[in-house]
>>> print(open('model36.cif').read())   # mmCIF, C-alpha atoms and all ligand atoms
data_coords
#
loop_
_atom_site.label_atom_id
_atom_site.label_comp_id
_atom_site.auth_asym_id
_atom_site.auth_seq_id
_atom_site.Cartn_x
_atom_site.Cartn_y
_atom_site.Cartn_z
CA MET A 247 -73.17 -21.76 83.46
CA ILE A 248 -70.67 -24.56 82.86
CA LYS A 249 -71.86 -27.92 84.14
CA LYS A 250 -69.28 -30.61 84.68
CA SER A 251 -70.55 -34.15 84.72
CA HIS A 252 -68.56 -37.17 85.78
CA ASP A 253 -71.48 -39.39 84.88
CA GLU A 254 -69.17 -41.35 82.68
CA TYR A 255 -70.27 -42.40 79.24
CA GLU A 256 -68.67 -45.51 77.85
CA MET A 257 -68.56 -43.83 74.45
CA ILE A 258 -69.17 -40.32 73.14
CA VAL A 259 -69.39 -39.92 69.37
CA ALA A 260 -68.79 -36.48 67.86
CA GLY A 261 -70.89 -36.29 64.69
CA GLY A 262 -74.14 -38.04 63.76
CA GLY A 263 -73.46 -38.70 60.06
CA PRO A 264 -73.24 -42.23 58.64
CA ALA A 265 -69.90 -42.84 60.38
CA GLY A 266 -71.14 -41.70 63.79
CA LEU A 267 -74.40 -43.64 63.51
CA ALA A 268 -72.68 -46.89 62.49
CA VAL A 269 -69.95 -46.59 65.12
CA ALA A 270 -72.49 -46.05 67.90
CA TYR A 271 -74.73 -48.89 66.75
CA SER A 272 -71.78 -51.25 66.41
CA ALA A 273 -70.54 -50.35 69.91
CA TRP A 274 -74.05 -51.08 71.23
CA GLN A 275 -74.08 -54.45 69.47
CA ASN A 276 -70.70 -55.18 71.05
CA GLY A 277 -71.92 -54.62 74.59
CA LEU A 278 -71.72 -50.90 75.42
CA ARG A 279 -74.83 -49.37 76.97
CA LYS A 280 -73.90 -45.79 77.88
CA ILE A 281 -73.34 -44.20 74.49
CA LEU A 282 -73.95 -40.58 73.45
CA ILE A 283 -74.03 -39.16 69.91
CA VAL A 284 -73.53 -35.38 69.68
CA GLU A 285 -74.60 -33.78 66.37
CA ARG A 286 -74.37 -30.05 65.66
CA ASP A 287 -77.09 -30.11 63.01
CA LYS A 288 -80.84 -30.34 63.74
CA TYR A 289 -81.01 -33.86 62.30
CA LEU A 290 -78.93 -37.01 62.28
CA GLY A 291 -77.65 -38.26 58.92
CA GLY A 292 -74.80 -35.86 58.09
CA ILE A 293 -74.10 -35.00 54.47
CA LEU A 294 -76.48 -37.77 53.34
CA ASN A 295 -79.49 -35.58 54.14
CA GLN A 296 -78.65 -33.26 51.26
CA CYS A 297 -77.70 -36.05 48.82
CA ILE A 298 -81.17 -36.77 47.45
CA HIS A 299 -79.78 -38.55 44.39
CA PRO A 300 -79.56 -42.36 44.25
CA GLY A 301 -76.26 -44.26 44.30
CA PHE A 302 -75.93 -45.08 47.98
CA GLY A 303 -75.80 -48.59 49.45
CA LEU A 304 -74.97 -50.44 46.23
CA GLU A 305 -72.26 -52.42 48.04
CA TYR A 306 -73.44 -52.55 51.66
CA TYR A 307 -77.15 -53.16 51.05
CA LYS A 308 -76.96 -54.29 47.39
CA GLU A 309 -79.68 -51.71 46.79
CA ASN A 310 -79.71 -48.34 45.09
CA LEU A 311 -80.79 -45.90 47.82
CA THR A 312 -80.86 -42.11 48.11
CA GLY A 313 -78.72 -40.51 50.81
CA PRO A 314 -81.64 -39.86 53.22
CA GLU A 315 -82.89 -43.45 52.73
CA TYR A 316 -79.46 -44.81 53.58
CA ALA A 317 -79.20 -42.63 56.71
CA TRP A 318 -82.74 -43.55 57.73
CA ARG A 319 -81.86 -47.24 58.00
CA PHE A 320 -79.27 -46.47 60.68
CA ILE A 321 -81.48 -43.92 62.47
CA GLU A 322 -84.21 -46.58 62.68
CA MET A 323 -81.76 -49.14 64.09
CA LEU A 324 -80.88 -46.76 66.93
CA LYS A 325 -84.53 -46.72 68.04
CA GLY A 326 -84.25 -50.16 69.67
CA THR A 327 -81.23 -49.11 71.74
CA THR A 328 -80.53 -46.88 74.76
CA ILE A 329 -78.11 -44.70 72.81
CA ASP A 330 -78.52 -41.04 73.86
CA ILE A 331 -78.70 -38.46 71.09
CA LEU A 332 -78.10 -34.72 71.35
CA THR A 333 -78.80 -32.80 68.13
CA ASP A 334 -78.33 -29.03 67.74
CA THR A 335 -75.32 -29.53 69.98
CA MET A 336 -71.69 -28.96 69.06
CA VAL A 337 -68.57 -30.65 70.36
CA LEU A 338 -66.27 -27.71 71.00
CA GLU A 339 -63.28 -29.47 72.43
CA ILE A 340 -61.96 -32.82 73.51
CA THR A 341 -58.96 -33.48 75.74
CA LYS A 342 -56.40 -36.24 76.11
CA GLN A 343 -58.07 -37.02 79.48
CA ARG A 344 -61.21 -37.83 77.41
CA ASP A 345 -63.24 -34.83 78.54
CA VAL A 346 -65.71 -33.66 75.92
CA HIS A 347 -66.84 -30.01 75.95
CA ILE A 348 -70.23 -29.55 74.34
CA VAL A 349 -72.63 -26.66 73.89
CA GLY A 350 -76.28 -26.75 72.82
CA LYS A 351 -79.43 -24.67 73.04
CA ASN A 352 -81.14 -27.07 75.42
CA ILE A 353 -78.24 -28.13 77.58
CA GLY A 354 -75.98 -25.08 77.70
CA TYR A 355 -72.26 -25.73 78.10
CA CYS A 356 -71.31 -29.10 79.61
CA ILE A 357 -68.14 -31.04 80.10
CA LEU A 358 -68.67 -34.78 79.92
CA ASN A 359 -66.22 -37.61 80.29
CA ALA A 360 -66.08 -40.89 78.41
CA LYS A 361 -64.04 -44.09 78.36
CA THR A 362 -63.86 -43.84 74.58
CA ILE A 363 -64.39 -40.97 72.17
CA VAL A 364 -64.94 -41.32 68.45
CA MET A 365 -64.50 -38.32 66.18
CA ALA A 366 -66.83 -38.80 63.21
CA THR A 367 -66.99 -35.16 62.17
CA GLY A 368 -66.87 -35.59 58.37
CA CYS A 369 -65.06 -33.20 56.07
CA ARG A 370 -65.23 -29.68 54.71
CA GLU A 371 -64.94 -28.31 51.20
CA ARG A 372 -61.98 -26.51 49.69
CA SER A 373 -63.00 -22.88 49.12
CA ARG A 374 -62.03 -20.19 46.59
CA GLY A 375 -59.38 -18.88 48.98
CA ALA A 376 -57.59 -22.23 48.92
CA LEU A 377 -57.49 -22.17 45.11
CA GLY A 378 -56.09 -18.65 44.83
CA ILE A 379 -58.19 -17.64 41.81
CA ALA A 380 -57.54 -14.06 40.68
CA GLY A 381 -60.27 -11.46 40.18
CA THR A 382 -62.84 -9.52 42.16
CA ARG A 383 -64.80 -10.80 45.14
CA PRO A 384 -68.42 -10.74 43.98
CA ALA A 385 -71.34 -12.71 45.42
CA GLY A 386 -72.13 -15.94 43.59
CA VAL A 387 -68.98 -17.95 44.30
CA ILE A 388 -69.90 -20.83 46.60
CA THR A 389 -68.86 -24.39 47.21
CA ALA A 390 -70.85 -27.12 45.50
CA GLY A 391 -71.86 -28.73 48.79
CA THR A 392 -73.25 -25.42 50.07
CA ALA A 393 -75.23 -25.07 46.84
CA GLN A 394 -76.49 -28.62 47.30
CA ARG A 395 -77.72 -27.79 50.79
CA TYR A 396 -79.41 -24.58 49.55
CA VAL A 397 -81.23 -26.40 46.76
CA ASN A 398 -82.08 -29.73 48.40
CA ILE A 399 -82.72 -28.71 52.00
CA GLU A 400 -83.28 -24.94 52.26
CA GLY A 401 -85.20 -24.55 48.98
CA TYR A 402 -83.08 -21.74 47.45
CA MET A 403 -81.61 -21.57 43.93
CA PRO A 404 -78.15 -20.03 44.17
CA GLY A 405 -78.05 -18.91 40.50
CA LYS A 406 -79.15 -19.43 36.90
CA GLU A 407 -76.04 -19.31 34.72
CA ILE A 408 -73.53 -21.66 36.27
CA LEU A 409 -69.90 -22.65 35.82
CA ILE A 410 -68.51 -25.47 37.92
CA ILE A 411 -64.87 -25.84 38.96
CA GLY A 412 -63.89 -29.47 39.59
CA SER A 413 -65.16 -32.76 38.20
CA GLY A 414 -65.18 -34.85 41.38
CA ASP A 415 -68.46 -36.54 42.24
CA VAL A 416 -69.78 -33.49 44.09
CA GLY A 417 -69.20 -31.24 41.06
CA LEU A 418 -70.73 -33.75 38.64
CA ILE A 419 -73.80 -34.34 40.78
CA MET A 420 -74.39 -30.63 41.20
CA ALA A 421 -74.09 -30.06 37.44
CA ARG A 422 -77.06 -32.38 36.96
CA ARG A 423 -78.94 -31.04 39.97
CA MET A 424 -78.69 -27.40 38.88
CA THR A 425 -79.77 -28.39 35.34
CA LEU A 426 -82.79 -30.29 36.65
CA GLU A 427 -83.73 -27.20 38.67
CA GLY A 428 -83.75 -25.06 35.50
CA ALA A 429 -80.29 -23.48 35.56
CA LYS A 430 -77.92 -23.48 32.58
CA VAL A 431 -74.63 -25.19 33.43
CA HIS A 432 -72.18 -23.85 30.85
CA ALA A 433 -69.30 -26.22 31.63
CA VAL A 434 -67.43 -28.18 34.24
CA ILE A 435 -63.77 -27.11 34.34
CA GLU A 436 -61.19 -29.70 35.39
CA ILE A 437 -57.48 -28.94 35.74
CA MET A 438 -56.45 -32.61 35.49
CA ASN A 439 -56.49 -34.52 32.21
CA ARG A 440 -59.15 -36.94 33.48
CA PRO A 441 -62.39 -36.54 35.40
CA GLY A 442 -62.13 -36.67 39.19
CA GLY A 443 -65.40 -38.50 39.80
CA LEU A 444 -66.85 -41.90 39.05
CA LEU A 445 -67.38 -42.77 35.38
CA ARG A 446 -71.06 -43.47 36.06
CA ASN A 447 -71.43 -39.89 37.31
CA VAL A 448 -69.70 -38.44 34.21
CA VAL A 449 -72.16 -40.34 32.01
CA GLN A 450 -75.32 -39.80 34.05
CA CYS A 451 -74.67 -36.23 35.21
CA LEU A 452 -72.86 -34.60 32.26
CA ASN A 453 -73.16 -36.65 29.06
CA ASP A 454 -76.89 -37.28 29.50
CA PHE A 455 -77.47 -33.52 29.82
CA ASP A 456 -74.95 -32.34 27.18
CA ILE A 457 -72.90 -30.46 29.75
CA PRO A 458 -69.34 -29.92 28.45
CA LEU A 459 -66.43 -31.22 30.54
CA LEU A 460 -63.25 -29.28 29.82
CA LEU A 461 -60.27 -31.38 30.91
CA SER A 462 -56.80 -29.78 31.29
CA HIS A 463 -58.43 -26.37 31.71
CA CYS A 464 -58.40 -23.89 34.58
CA VAL A 465 -60.24 -20.76 35.70
CA THR A 466 -57.83 -17.83 35.58
CA ASN A 467 -60.13 -14.98 36.65
CA ILE A 468 -63.54 -14.27 38.16
CA SER A 469 -65.09 -10.87 37.36
CA GLY A 470 -68.10 -8.97 38.64
CA ARG A 471 -68.87 -5.90 40.76
CA THR A 472 -71.50 -7.13 43.19
CA ARG A 473 -72.42 -10.42 41.52
CA VAL A 474 -70.36 -12.75 39.33
CA GLU A 475 -70.56 -11.52 35.71
CA SER A 476 -67.97 -13.59 33.87
CA VAL A 477 -65.25 -16.18 34.29
CA ASP A 478 -62.08 -16.60 32.23
CA VAL A 479 -61.04 -20.14 31.38
CA SER A 480 -57.82 -21.29 29.68
CA LYS A 481 -56.34 -24.55 28.52
CA ILE A 482 -53.21 -25.51 30.48
CA ASP A 483 -49.88 -26.93 29.38
CA GLU A 484 -47.97 -29.91 30.86
CA ASN A 485 -46.67 -27.61 33.64
CA MET A 486 -50.24 -26.67 34.57
CA LYS A 487 -49.72 -23.13 33.23
CA PRO A 488 -52.47 -21.41 31.20
CA ILE A 489 -51.68 -21.44 27.46
CA SER A 490 -51.87 -17.95 26.07
CA GLY A 491 -54.36 -17.56 23.23
CA THR A 492 -56.70 -20.28 24.53
CA GLU A 493 -58.70 -17.96 26.85
CA LYS A 494 -62.47 -18.18 26.69
CA VAL A 495 -64.86 -15.94 28.62
CA TYR A 496 -68.02 -17.47 30.09
CA LYS A 497 -70.85 -15.09 30.99
CA CYS A 498 -72.40 -16.47 34.15
CA ASP A 499 -73.79 -15.41 37.53
CA THR A 500 -72.58 -18.28 39.71
CA VAL A 501 -69.42 -20.31 40.18
CA LEU A 502 -69.68 -23.58 42.11
CA ILE A 503 -66.39 -24.77 43.54
CA ALA A 504 -66.05 -28.54 43.82
CA ALA A 505 -62.31 -28.71 44.27
CA GLY A 506 -61.95 -31.36 46.90
CA LEU A 507 -62.79 -32.21 50.47
CA ILE A 508 -60.58 -31.91 53.53
CA PRO A 509 -61.05 -34.12 56.64
CA GLU A 510 -62.49 -32.11 59.52
CA ASN A 511 -60.19 -33.04 62.39
CA GLU A 512 -59.62 -29.82 64.29
CA LEU A 513 -60.86 -31.45 67.52
CA ALA A 514 -57.86 -33.78 67.43
CA ALA A 515 -55.41 -31.12 66.25
CA ASN A 516 -56.42 -28.63 68.98
CA ALA A 517 -55.99 -31.30 71.67
CA GLY A 518 -52.57 -32.33 70.33
CA ILE A 519 -53.94 -35.77 69.43
CA GLU A 520 -52.26 -37.37 66.46
CA ILE A 521 -54.26 -39.43 64.00
CA ASN A 522 -52.54 -42.70 63.25
CA GLY A 523 -53.64 -42.92 59.60
CA ALA A 524 -52.94 -46.64 59.21
CA ASP A 525 -56.14 -47.45 61.14
CA THR A 526 -58.78 -45.55 63.11
CA SER A 527 -56.73 -45.21 66.31
CA THR A 528 -54.99 -42.05 67.53
CA SER A 529 -52.01 -41.27 69.75
CA VAL A 530 -54.37 -41.42 72.78
CA PRO A 531 -55.68 -44.88 73.69
CA GLY A 532 -59.48 -44.91 73.64
CA ILE A 533 -59.80 -41.99 71.22
CA PHE A 534 -60.66 -42.94 67.63
CA VAL A 535 -61.47 -41.21 64.36
CA CYS A 536 -63.42 -42.64 61.44
CA GLY A 537 -65.36 -41.81 58.29
CA ASN A 538 -64.51 -38.73 56.27
CA ALA A 539 -62.83 -37.18 59.31
CA LEU A 540 -60.12 -39.81 58.87
CA GLN A 541 -59.94 -39.82 55.08
CA VAL A 542 -62.34 -38.77 52.35
CA HIS A 543 -64.36 -41.78 51.20
CA ASP A 544 -65.96 -41.72 47.75
CA ILE A 545 -68.80 -43.99 48.75
CA VAL A 546 -70.67 -44.20 52.01
CA ASP A 547 -70.67 -48.02 52.07
CA ASN A 548 -66.93 -47.92 52.87
CA VAL A 549 -67.61 -45.40 55.64
CA THR A 550 -70.11 -47.82 57.18
CA VAL A 551 -67.74 -50.79 57.06
CA GLU A 552 -64.92 -48.77 58.63
CA ALA A 553 -67.22 -47.35 61.33
CA ILE A 554 -68.60 -50.77 62.29
CA LYS A 555 -65.06 -52.04 62.80
CA THR A 556 -64.19 -48.95 64.83
CA GLY A 557 -67.26 -49.54 67.02
CA GLU A 558 -66.08 -53.08 67.74
CA THR A 559 -62.54 -51.98 68.61
CA ALA A 560 -63.72 -49.09 70.78
CA ALA A 561 -66.23 -51.32 72.59
CA LYS A 562 -63.49 -53.85 73.41
CA TYR A 563 -61.35 -51.01 74.78
CA ALA A 564 -64.18 -49.64 76.95
CA ILE A 565 -65.11 -53.09 78.27
CA THR A 566 -61.54 -54.01 79.25
CA SER A 567 -61.15 -50.68 81.08
CA ARG A 568 -64.45 -51.07 83.05
C1 LIG A 601 -72.27 -34.16 47.05
C2 LIG A 601 -71.93 -35.52 47.55
C3 LIG A 601 -72.36 -36.60 46.84
C4 LIG A 601 -72.10 -37.90 47.30
N1 LIG A 601 -72.59 -38.95 46.58
C5 LIG A 601 -72.40 -40.20 47.03
C6 LIG A 601 -72.98 -41.33 46.32
O1 LIG A 601 -73.63 -41.18 45.28
N2 LIG A 601 -72.81 -42.57 46.84
C7 LIG A 601 -72.08 -42.76 47.99
O2 LIG A 601 -71.96 -43.89 48.45
N3 LIG A 601 -71.50 -41.71 48.66
C8 LIG A 601 -71.64 -40.44 48.21
N4 LIG A 601 -71.09 -39.39 48.91
C9 LIG A 601 -70.19 -39.64 50.05
C10 LIG A 601 -70.87 -39.87 51.42
O3 LIG A 601 -71.96 -39.01 51.54
C11 LIG A 601 -69.84 -39.59 52.53
O4 LIG A 601 -68.76 -40.47 52.33
C12 LIG A 601 -70.41 -39.82 53.95
O5 LIG A 601 -71.50 -38.97 54.18
C13 LIG A 601 -69.33 -39.55 55.02
O6 LIG A 601 -69.87 -39.84 56.30
P1 LIG A 601 -69.31 -39.16 57.63
O7 LIG A 601 -70.23 -39.57 58.72
O8 LIG A 601 -67.87 -39.44 57.76
O9 LIG A 601 -69.41 -37.59 57.38
P2 LIG A 601 -70.74 -36.58 57.25
O10 LIG A 601 -71.79 -37.25 56.50
O11 LIG A 601 -70.14 -35.35 56.76
O12 LIG A 601 -71.15 -36.46 58.78
C14 LIG A 601 -70.39 -35.75 59.74
C15 LIG A 601 -71.33 -35.19 60.77
O13 LIG A 601 -70.58 -34.63 61.84
C16 LIG A 601 -71.21 -33.43 62.26
N5 LIG A 601 -70.20 -32.63 62.96
C17 LIG A 601 -69.05 -32.13 62.46
N6 LIG A 601 -68.35 -31.48 63.42
C18 LIG A 601 -69.08 -31.58 64.56
C19 LIG A 601 -68.89 -31.11 65.90
N7 LIG A 601 -67.79 -30.43 66.25
N8 LIG A 601 -69.85 -31.38 66.82
C20 LIG A 601 -70.96 -32.09 66.47
N9 LIG A 601 -71.20 -32.56 65.21
C21 LIG A 601 -70.27 -32.31 64.28
C22 LIG A 601 -71.72 -32.82 60.98
O14 LIG A 601 -72.75 -31.87 61.21
C23 LIG A 601 -72.20 -34.05 60.23
O15 LIG A 601 -73.56 -34.34 60.50
C24 LIG A 601 -71.35 -38.09 48.48
C25 LIG A 601 -70.88 -36.97 49.21
C26 LIG A 601 -71.18 -35.71 48.74
C27 LIG A 601 -70.65 -34.51 49.55
#
>>> encode(input="model36.cif", output="structure tokens", more="lines below")
Ligand SMILES: Cc1cc2nc3c(=O)[nH]c(=O)nc-3n(C[C@H](O)[C@H](O)[C@H](O)COP(=O)(O)OP(=O)(O)OC[C@H]3O[C@@H](n4cnc5c(N)ncnc54)[C@H](O)[C@@H]3O)c2cc1C
Amino acid sequence: MIKKSHDEYEMIVAGGGPAGLAVAYSAWQNGLRKILIVERDKYLGGILNQCIHPGFGLEYYKENLTGPEYAWRFIEMLKGTTIDILTDTMVLEITKQRDVHIVGKNIGYCILNAKTIVMATGCRERSRGALGIAGTRPAGVITAGTAQRYVNIEGYMPGKEILIIGSGDVGLIMARRMTLEGAKVHAVIEIMNRPGGLLRNVVQCLNDFDIPLLLSHCVTNISGRTRVESVDVSKIDENMKPISGTEKVYKCDTVLIAAGLIPENELAANAGIEINGADTSTSVPGIFVCGNALQVHDIVDNVTVEAIKTGETAAKYAITSR
């Protein structure tokens, strides 16, 4: 049954990751009292829950925290507020009239309305399909973030003999993580002539574990009947084309793809809402977007700063339209 509620919220936040938590708390501090956070996962905290490595909060807290520790600080701050939280609940749709369609196990399908909406839905990973790698379609090709969730939250090892595509921070961190869990990481393959991630991650995640980083190289083929069996890698020329004669075959059972993140902003796109880009506003007054849904941030501290500012702006908007 679809329930429609005109019990207006002053703010509804889609996504309970670091951006959503900070935006809601900031709006509370700036005077809003009827705030709802809707999170599709079982827990608040977003991607931080699976990032059990340190390196978070160096700028914002001047401390070296793990992802869950960083998230926990914001979750604790919410406890002294009246902010409503719905986990296990998905925002399906928003409209220009600021209706928010949500569905969850405990509440069914509801349509709520809010003076302000903030989309803090994070980002998604680029998959094999987006890279157009030739070869068969065996099991064992997954994104690095999915592997991270399997290992750090679900308790599964996705493979033993690993090749990683992409040297952004996610790829580097997973090279170390898989090694610590007993897998052999044969190499990290990077198409650019420099690593994509932070220098500290190259040193701490690859160099310290003798994991080769092949710059200006690309994967040209993935082979295997049911499971990945081998991967072909070539050096590339200045036109990004594989150089014949440089092919090397890696025997492995798993390929982790860490080839970039894409802001998750389908809610806006489906509603015909344009994201401004210069700041966190959109083409509809009162509807905002922040965090990785706006642009991919390398470090969470910047997400927090941006979200706090968005909370202030959105609170001002809601208060003036009371
Ligand atoms: C592997 C990895 C390593 C990292 N390492 C570091 C590091 O060392 N130091 C550092 O500072 N930063 C690091 N980061 C970056 C940092 O984690 C992100 O910048 C930050 O988590 C982004 O916050 P967010 O709230 O925008 O997105 P997320 O954390 O992705 O949160 C978005 C939330 O929205 C929810 N959601 C999405 N769509 C919906 C919907 N329709 N309805 C309801 N809920 C929805 C999701 O379930 C999720 O909980 C790392 C990131 C990754 C992936």
>>> residues_near_point(input="model36.cif", point="(-73.3, -51.1, 70.9)", cutoff="9 Å", atoms="only C-alpha atoms", output="compact mmCIF listing (two decimals) with C-alpha atoms, in the coordinates of the input")
# COMPACT_ATOMS: atom_id res chain seq x y z
CA VAL A 269 -69.95 -46.59 65.12
CA ALA A 270 -72.49 -46.05 67.90
CA TYR A 271 -74.73 -48.89 66.75
CA SER A 272 -71.78 -51.25 66.41
CA ALA A 273 -70.54 -50.35 69.91
CA TRP A 274 -74.05 -51.08 71.23
CA GLN A 275 -74.08 -54.45 69.47
CA ASN A 276 -70.70 -55.18 71.05
CA GLY A 277 -71.92 -54.62 74.59
CA LEU A 278 -71.72 -50.90 75.42
CA ARG A 279 -74.83 -49.37 76.97
CA LYS A 280 -73.90 -45.79 77.88
CA ILE A 281 -73.34 -44.20 74.49
CA THR A 327 -81.23 -49.11 71.74
CA ILE A 329 -78.11 -44.70 72.81
CA GLY A 557 -67.26 -49.54 67.02
CA GLU A 558 -66.08 -53.08 67.74
CA ALA A 561 -66.23 -51.32 72.59
>>> atom_distance(input="model36.cif", atom1="atom CA of Leu507 of chain A", atom2="atom CA of Gly291 of chain A")
18.1 Å
>>> residues_near_ligand(input="model36.cif", ligand="ligand LIG 601 (chain A)", cutoff="6 Å", atoms="only C-alpha atoms and all ligand atoms", output="ChimeraX atom specification")
/A:260-266,284-287,291-294,297,301-302,336-338,366-369,391,416,537-539,543-547
>>> write_last_selection(input="model36.cif", atoms="C-alpha atoms", output="mmCIF file, in the frame of the given file")
data_model
loop_
_atom_site.group_PDB
_atom_site.id
_atom_site.type_symbol
_atom_site.label_atom_id
_atom_site.label_comp_id
_atom_site.auth_asym_id
_atom_site.auth_seq_id
_atom_site.Cartn_x
_atom_site.Cartn_y
_atom_site.Cartn_z
ATOM 1 C CA ALA A 260 -68.790 -36.480 67.860
ATOM 2 C CA GLY A 261 -70.890 -36.290 64.690
ATOM 3 C CA GLY A 262 -74.140 -38.040 63.760
ATOM 4 C CA GLY A 263 -73.460 -38.700 60.060
ATOM 5 C CA PRO A 264 -73.240 -42.230 58.640
ATOM 6 C CA ALA A 265 -69.900 -42.840 60.380
ATOM 7 C CA GLY A 266 -71.140 -41.700 63.790
ATOM 8 C CA VAL A 284 -73.530 -35.380 69.680
ATOM 9 C CA GLU A 285 -74.600 -33.780 66.370
ATOM 10 C CA ARG A 286 -74.370 -30.050 65.660
ATOM 11 C CA ASP A 287 -77.090 -30.110 63.010
ATOM 12 C CA GLY A 291 -77.650 -38.260 58.920
ATOM 13 C CA GLY A 292 -74.800 -35.860 58.090
ATOM 14 C CA ILE A 293 -74.100 -35.000 54.470
ATOM 15 C CA LEU A 294 -76.480 -37.770 53.340
ATOM 16 C CA CYS A 297 -77.700 -36.050 48.820
ATOM 17 C CA GLY A 301 -76.260 -44.260 44.300
ATOM 18 C CA PHE A 302 -75.930 -45.080 47.980
ATOM 19 C CA MET A 336 -71.690 -28.960 69.060
ATOM 20 C CA VAL A 337 -68.570 -30.650 70.360
ATOM 21 C CA LEU A 338 -66.270 -27.710 71.000
ATOM 22 C CA ALA A 366 -66.830 -38.800 63.210
ATOM 23 C CA THR A 367 -66.990 -35.160 62.170
ATOM 24 C CA GLY A 368 -66.870 -35.590 58.370
ATOM 25 C CA CYS A 369 -65.060 -33.200 56.070
ATOM 26 C CA GLY A 391 -71.860 -28.730 48.790
ATOM 27 C CA VAL A 416 -69.780 -33.490 44.090
ATOM 28 C CA GLY A 537 -65.360 -41.810 58.290
ATOM 29 C CA ASN A 538 -64.510 -38.730 56.270
ATOM 30 C CA ALA A 539 -62.830 -37.180 59.310
ATOM 31 C CA HIS A 543 -64.360 -41.780 51.200
ATOM 32 C CA ASP A 544 -65.960 -41.720 47.750
ATOM 33 C CA ILE A 545 -68.800 -43.990 48.750
ATOM 34 C CA VAL A 546 -70.670 -44.200 52.010
ATOM 35 C CA ASP A 547 -70.670 -48.020 52.070
#
>>> residues_around(input="model36.cif", residues="segment 255-259 of chain A", least_positions_apart="2", cutoff="6 Å", atoms="all atoms listed in the file", output="ChimeraX atom specification")
/A:280-283,360-364
>>> write_last_selection(input="model36.cif", atoms="C-alpha atoms", output="PDB file, in the frame of the given file")
ATOM      1  CA  LYS A 280     -73.900 -45.790  77.880  1.00  0.00           C
ATOM      2  CA  ILE A 281     -73.340 -44.200  74.490  1.00  0.00           C
ATOM      3  CA  LEU A 282     -73.950 -40.580  73.450  1.00  0.00           C
ATOM      4  CA  ILE A 283     -74.030 -39.160  69.910  1.00  0.00           C
ATOM      5  CA  ALA A 360     -66.080 -40.890  78.410  1.00  0.00           C
ATOM      6  CA  LYS A 361     -64.040 -44.090  78.360  1.00  0.00           C
ATOM      7  CA  THR A 362     -63.860 -43.840  74.580  1.00  0.00           C
ATOM      8  CA  ILE A 363     -64.390 -40.970  72.170  1.00  0.00           C
ATOM      9  CA  VAL A 364     -64.940 -41.320  68.450  1.00  0.00           C
TER      10      VAL A 364
END
>>> atom_distance(input="model36.cif", atom1="atom CA of Lys430 of chain A", atom2="atom CA of Asn447 of chain A")
18.3 Å
>>> residues_near_point(input="model36.cif", point="(-52.7, -40.1, 74.2)", cutoff="10 Å", atoms="only C-alpha atoms", output="MDAnalysis selection string")
chainID A and resid 341:344 517:520 528:533
